[in-house]
Amino acid sequence: MENLKFVAVCLLIFAALFLVAWLLEKRLSKNRKSLSDTHYITYVAIFSCMAGVLMLVEIPLFFAPGFYKMDLSELPILICTFYLGPVAGVVSELIKVMIKLLLKGTSTAFVGDFANFAVGCSFVLPASVIYHAKPSRRSALMGLIAGTLVMTVFGSAFNAIYLLPKFAQLFGMPIEVIIGMGTAVNSAINSVSTLVLFAVVPFNLLKGIVVSLLTFLLYKRISPILHKNDERRHKKTVTA
């Protein structure tokens, strides 16, 4: 019964995030270049696959328990959502997690995978919306900063209120054991709130900063290639 409830929550959150992304895209991205369905699906698939592979490369952090590992899977998704819009970002986040589950499965009773999706969307959506409202280097930077801050606040609160208790419940591990894993790496961690403060907050901040820097450096170099291909396709369509 608890597993069914968890699945229902996952589906509801995905639906809500997709709806929010769609509404924001319709309102803020009216001038965005229209692309064919084939072009759109192809690029979403390419960037999602890249993200799914990057999700397999997990980096342990000295200040957090072993079940908190950083990956850089948001990097290709941010490039995708800057190029295609907010909806592409949410869809890519979902496909990324599905690819990871197919390749590796889960070691966190699916809670960690769901967390990666939901918290990843809290990073990608603000960044994408701010960038597409008025595309420029400045708006990209502001979007990445906003995304990092939103992810840090949302990810920390979501861990404390829902994810950690749910992980303890579905994984069959008392919450005290989880806190103890945090105490083993940092003696200041002795409760859920201190676990979030000393592990989850710096985890999300570090991930946001690293991925933002990489995205900012790479997107403007990749963007001309993507848009050059757009121009070629447009010319072919006009000629035909």
# chains A, B, ... in the order shown; residues from 1 in each chain; ligands from 1

$ select_by_dssp --residues "range 93-208 of chain A" --states "helix (DSSP H, G or I)" --output "number ranges by chain"
A: 93-104, 111-133, 137-171, 175-185, 192-208

$ residues_around --residues "range 50-56 of chain A" --least-positions-apart "4" --cutoff "6 Å" --atoms "only C-alpha atoms" --output "list in words"
Asp71, Ser73, Pro76, Lys96, Ile99 and Lys100 of chain A

$ write_last_selection --atoms "C-alpha atoms" --output "short mmCIF file (atom, residue, chain, number, x, y, z; two decimals), in the first residue's frame"
data_model
loop_
_atom_site.label_atom_id
_atom_site.label_comp_id
_atom_site.auth_asym_id
_atom_site.auth_seq_id
_atom_site.Cartn_x
_atom_site.Cartn_y
_atom_site.Cartn_z
CA ASP A 71 26.31 13.55 -10.40
CA SER A 73 23.41 14.74 -15.15
CA PRO A 76 23.06 18.13 -20.71
CA LYS A 96 17.16 10.41 -17.68
CA ILE A 99 17.50 5.26 -18.45
CA LYS A 100 19.50 5.10 -15.24
#

$ residues_around --residues "Ala133 in chain A" --least-positions-apart "4" --cutoff "12 Å" --atoms "only C-alpha atoms" --output "list in words"
Leu24, Glu25, Lys26, Arg27, Leu28, Ser29, Lys30, Asn31, Arg32, Phe82, Gly85, Pro86, Pro126, Ala127, Ser128, Val129, Arg138, Ser139, Ala140, Met142 and Gly143 of chain A

$ residues_around --residues "Val9 in chain A" --least-positions-apart "4" --cutoff "12 Å" --atoms "only C-alpha atoms" --output "PyMOL selection string"
chain A and resi 2-5+13-16+111+114-115+118+162-163+166

$ write_last_selection --atoms "C-alpha atoms" --output "mmCIF file, in the first residue's frame"
data_model
loop_
_atom_site.group_PDB
_atom_site.id
_atom_site.type_symbol
_atom_site.label_atom_id
_atom_site.label_comp_id
_atom_site.auth_asym_id
_atom_site.auth_seq_id
_atom_site.Cartn_x
_atom_site.Cartn_y
_atom_site.Cartn_z
ATOM 1 C CA GLU A 2 2.836 2.393 0.869
ATOM 2 C CA ASN A 3 4.543 1.576 -2.433
ATOM 3 C CA LEU A 4 1.341 2.426 -4.322
ATOM 4 C CA LYS A 5 1.038 5.709 -2.445
ATOM 5 C CA ILE A 13 4.423 15.546 -8.970
ATOM 6 C CA PHE A 14 5.509 14.737 -12.523
ATOM 7 C CA ALA A 15 2.097 15.821 -13.858
ATOM 8 C CA ALA A 16 2.230 19.036 -11.815
ATOM 9 C CA VAL A 111 13.329 7.324 -3.391
ATOM 10 C CA PHE A 114 12.553 10.253 -7.525
ATOM 11 C CA ALA A 115 14.501 12.846 -5.525
ATOM 12 C CA ALA A 118 12.063 16.335 -8.522
ATOM 13 C CA TYR A 162 9.233 13.888 2.745
ATOM 14 C CA LEU A 163 12.252 12.147 1.217
ATOM 15 C CA LYS A 166 9.945 7.987 3.042
#

$ closest_residue --among "A:Gly66, A:Gly89, A:Gly112, A:Pro135" --to "Leu164 in chain A" --atoms "only C-alpha atoms"
A:Gly112

$ closest_residue --among "A:Gly208, A:Pro224, A:Gly182, A:Gly172" --to "Ala109 in chain A" --atoms "only C-alpha atoms"
A:Gly172

$ atom_distance --atom1 "CA of Leu144 in chain A" --atom2 "CA of Ser212 in chain A"
5.7 Å

$ residues_around --residues "range 193-204 of chain A" --least-positions-apart "6" --cutoff "6 Å" --atoms "only C-alpha atoms" --output "PyMOL selection string"
chain A and resi 64+152+156

$ select_by_dssp --residues "range 38-233 of chain A" --states "strand (DSSP E)" --output "number ranges by chain"
A: 59-60, 69-70

$ write_last_selection --atoms "C-alpha atoms" --output "PDB file, in the first residue's frame"
ATOM      1  CA  ILE A  59      30.836  11.338  -6.881  1.00  0.00           C
ATOM      2  CA  PRO A  60      30.963  10.672  -3.106  1.00  0.00           C
ATOM      3  CA  LYS A  69      26.389  11.209  -4.157  1.00  0.00           C
ATOM      4  CA  MET A  70      26.714  14.020  -6.667  1.00  0.00           C
TER       5      MET A  70
END

$ atom_distance --atom1 "CA of Tyr131 in chain A" --atom2 "CA of Val20 in chain A"
16.1 Å

$ residues_around --residues "Val119 in chain A" --least-positions-apart "2" --cutoff "8 Å" --atoms "only C-alpha atoms" --output "ChimeraX atom specification"
/A:115-117,121-123,151,154-155

$ closest_residue --among "A:Ile225, A:Val90, A:Leu149, A:Cys80" --to "Lys207 in chain A" --atoms "only C-alpha atoms"
A:Leu149

$ atom_distance --atom1 "CA of Leu94 in chain A" --atom2 "CA of Gly120 in chain A"
9.7 Å

$ decode --residues "range 85-134 of chain A" --atoms "C-alpha atoms" --output "PDB file, in the first residue's frame"
ATOM      1  CA  GLY A  85      12.325  25.195 -23.501  1.00  0.00           C
ATOM      2  CA  PRO A  86      11.049  24.265 -20.009  1.00  0.00           C
ATOM      3  CA  VAL A  87       8.899  21.296 -21.091  1.00  0.00           C
ATOM      4  CA  ALA A  88      11.920  19.611 -22.660  1.00  0.00           C
ATOM      5  CA  GLY A  89      13.741  20.002 -19.363  1.00  0.00           C
ATOM      6  CA  VAL A  90      11.051  18.210 -17.322  1.00  0.00           C
ATOM      7  CA  VAL A  91      10.646  15.441 -19.895  1.00  0.00           C
ATOM      8  CA  SER A  92      14.424  14.966 -20.117  1.00  0.00           C
ATOM      9  CA  GLU A  93      14.659  14.694 -16.327  1.00  0.00           C
ATOM     10  CA  LEU A  94      12.112  11.859 -16.375  1.00  0.00           C
ATOM     11  CA  ILE A  95      13.730  10.010 -19.292  1.00  0.00           C
ATOM     12  CA  LYS A  96      17.158  10.409 -17.681  1.00  0.00           C
ATOM     13  CA  VAL A  97      16.003   8.663 -14.501  1.00  0.00           C
ATOM     14  CA  MET A  98      14.283   5.897 -16.488  1.00  0.00           C
ATOM     15  CA  ILE A  99      17.502   5.260 -18.452  1.00  0.00           C
ATOM     16  CA  LYS A 100      19.503   5.098 -15.235  1.00  0.00           C
ATOM     17  CA  LEU A 101      17.029   2.626 -13.725  1.00  0.00           C
ATOM     18  CA  LEU A 102      17.208   0.433 -16.831  1.00  0.00           C
ATOM     19  CA  LEU A 103      21.009   0.417 -16.786  1.00  0.00           C
ATOM     20  CA  LYS A 104      21.658   0.176 -13.073  1.00  0.00           C
ATOM     21  CA  GLY A 105      18.438  -0.250 -11.129  1.00  0.00           C
ATOM     22  CA  THR A 106      17.899   1.390  -7.752  1.00  0.00           C
ATOM     23  CA  SER A 107      19.735   1.152  -4.462  1.00  0.00           C
ATOM     24  CA  THR A 108      17.426   3.533  -2.563  1.00  0.00           C
ATOM     25  CA  ALA A 109      13.990   1.901  -3.003  1.00  0.00           C
ATOM     26  CA  PHE A 110      13.416   4.415  -5.868  1.00  0.00           C
ATOM     27  CA  VAL A 111      13.329   7.324  -3.391  1.00  0.00           C
ATOM     28  CA  GLY A 112      16.748   8.613  -4.455  1.00  0.00           C
ATOM     29  CA  ASP A 113      15.783   8.361  -8.121  1.00  0.00           C
ATOM     30  CA  PHE A 114      12.553  10.253  -7.525  1.00  0.00           C
ATOM     31  CA  ALA A 115      14.501  12.846  -5.525  1.00  0.00           C
ATOM     32  CA  ASN A 116      16.942  13.275  -8.412  1.00  0.00           C
ATOM     33  CA  PHE A 117      14.024  13.959 -10.760  1.00  0.00           C
ATOM     34  CA  ALA A 118      12.063  16.335  -8.522  1.00  0.00           C
ATOM     35  CA  VAL A 119      15.047  18.280  -7.205  1.00  0.00           C
ATOM     36  CA  GLY A 120      16.575  18.358 -10.679  1.00  0.00           C
ATOM     37  CA  CYS A 121      13.390  19.945 -12.030  1.00  0.00           C
ATOM     38  CA  SER A 122      13.542  22.582  -9.277  1.00  0.00           C
ATOM     39  CA  PHE A 123      16.963  23.522 -10.699  1.00  0.00           C
ATOM     40  CA  VAL A 124      16.181  23.283 -14.407  1.00  0.00           C
ATOM     41  CA  LEU A 125      12.768  24.999 -14.492  1.00  0.00           C
ATOM     42  CA  PRO A 126      13.700  28.391 -12.965  1.00  0.00           C
ATOM     43  CA  ALA A 127      16.899  28.531 -15.028  1.00  0.00           C
ATOM     44  CA  SER A 128      15.019  27.759 -18.239  1.00  0.00           C
ATOM     45  CA  VAL A 129      12.137  30.162 -17.624  1.00  0.00           C
ATOM     46  CA  ILE A 130      14.409  33.104 -16.796  1.00  0.00           C
ATOM     47  CA  TYR A 131      16.604  32.412 -19.831  1.00  0.00           C
ATOM     48  CA  HIS A 132      13.725  32.034 -22.306  1.00  0.00           C
ATOM     49  CA  ALA A 133      11.956  35.158 -21.040  1.00  0.00           C
ATOM     50  CA  LYS A 134      14.775  37.197 -22.627  1.00  0.00           C
TER      51      LYS A 134
END
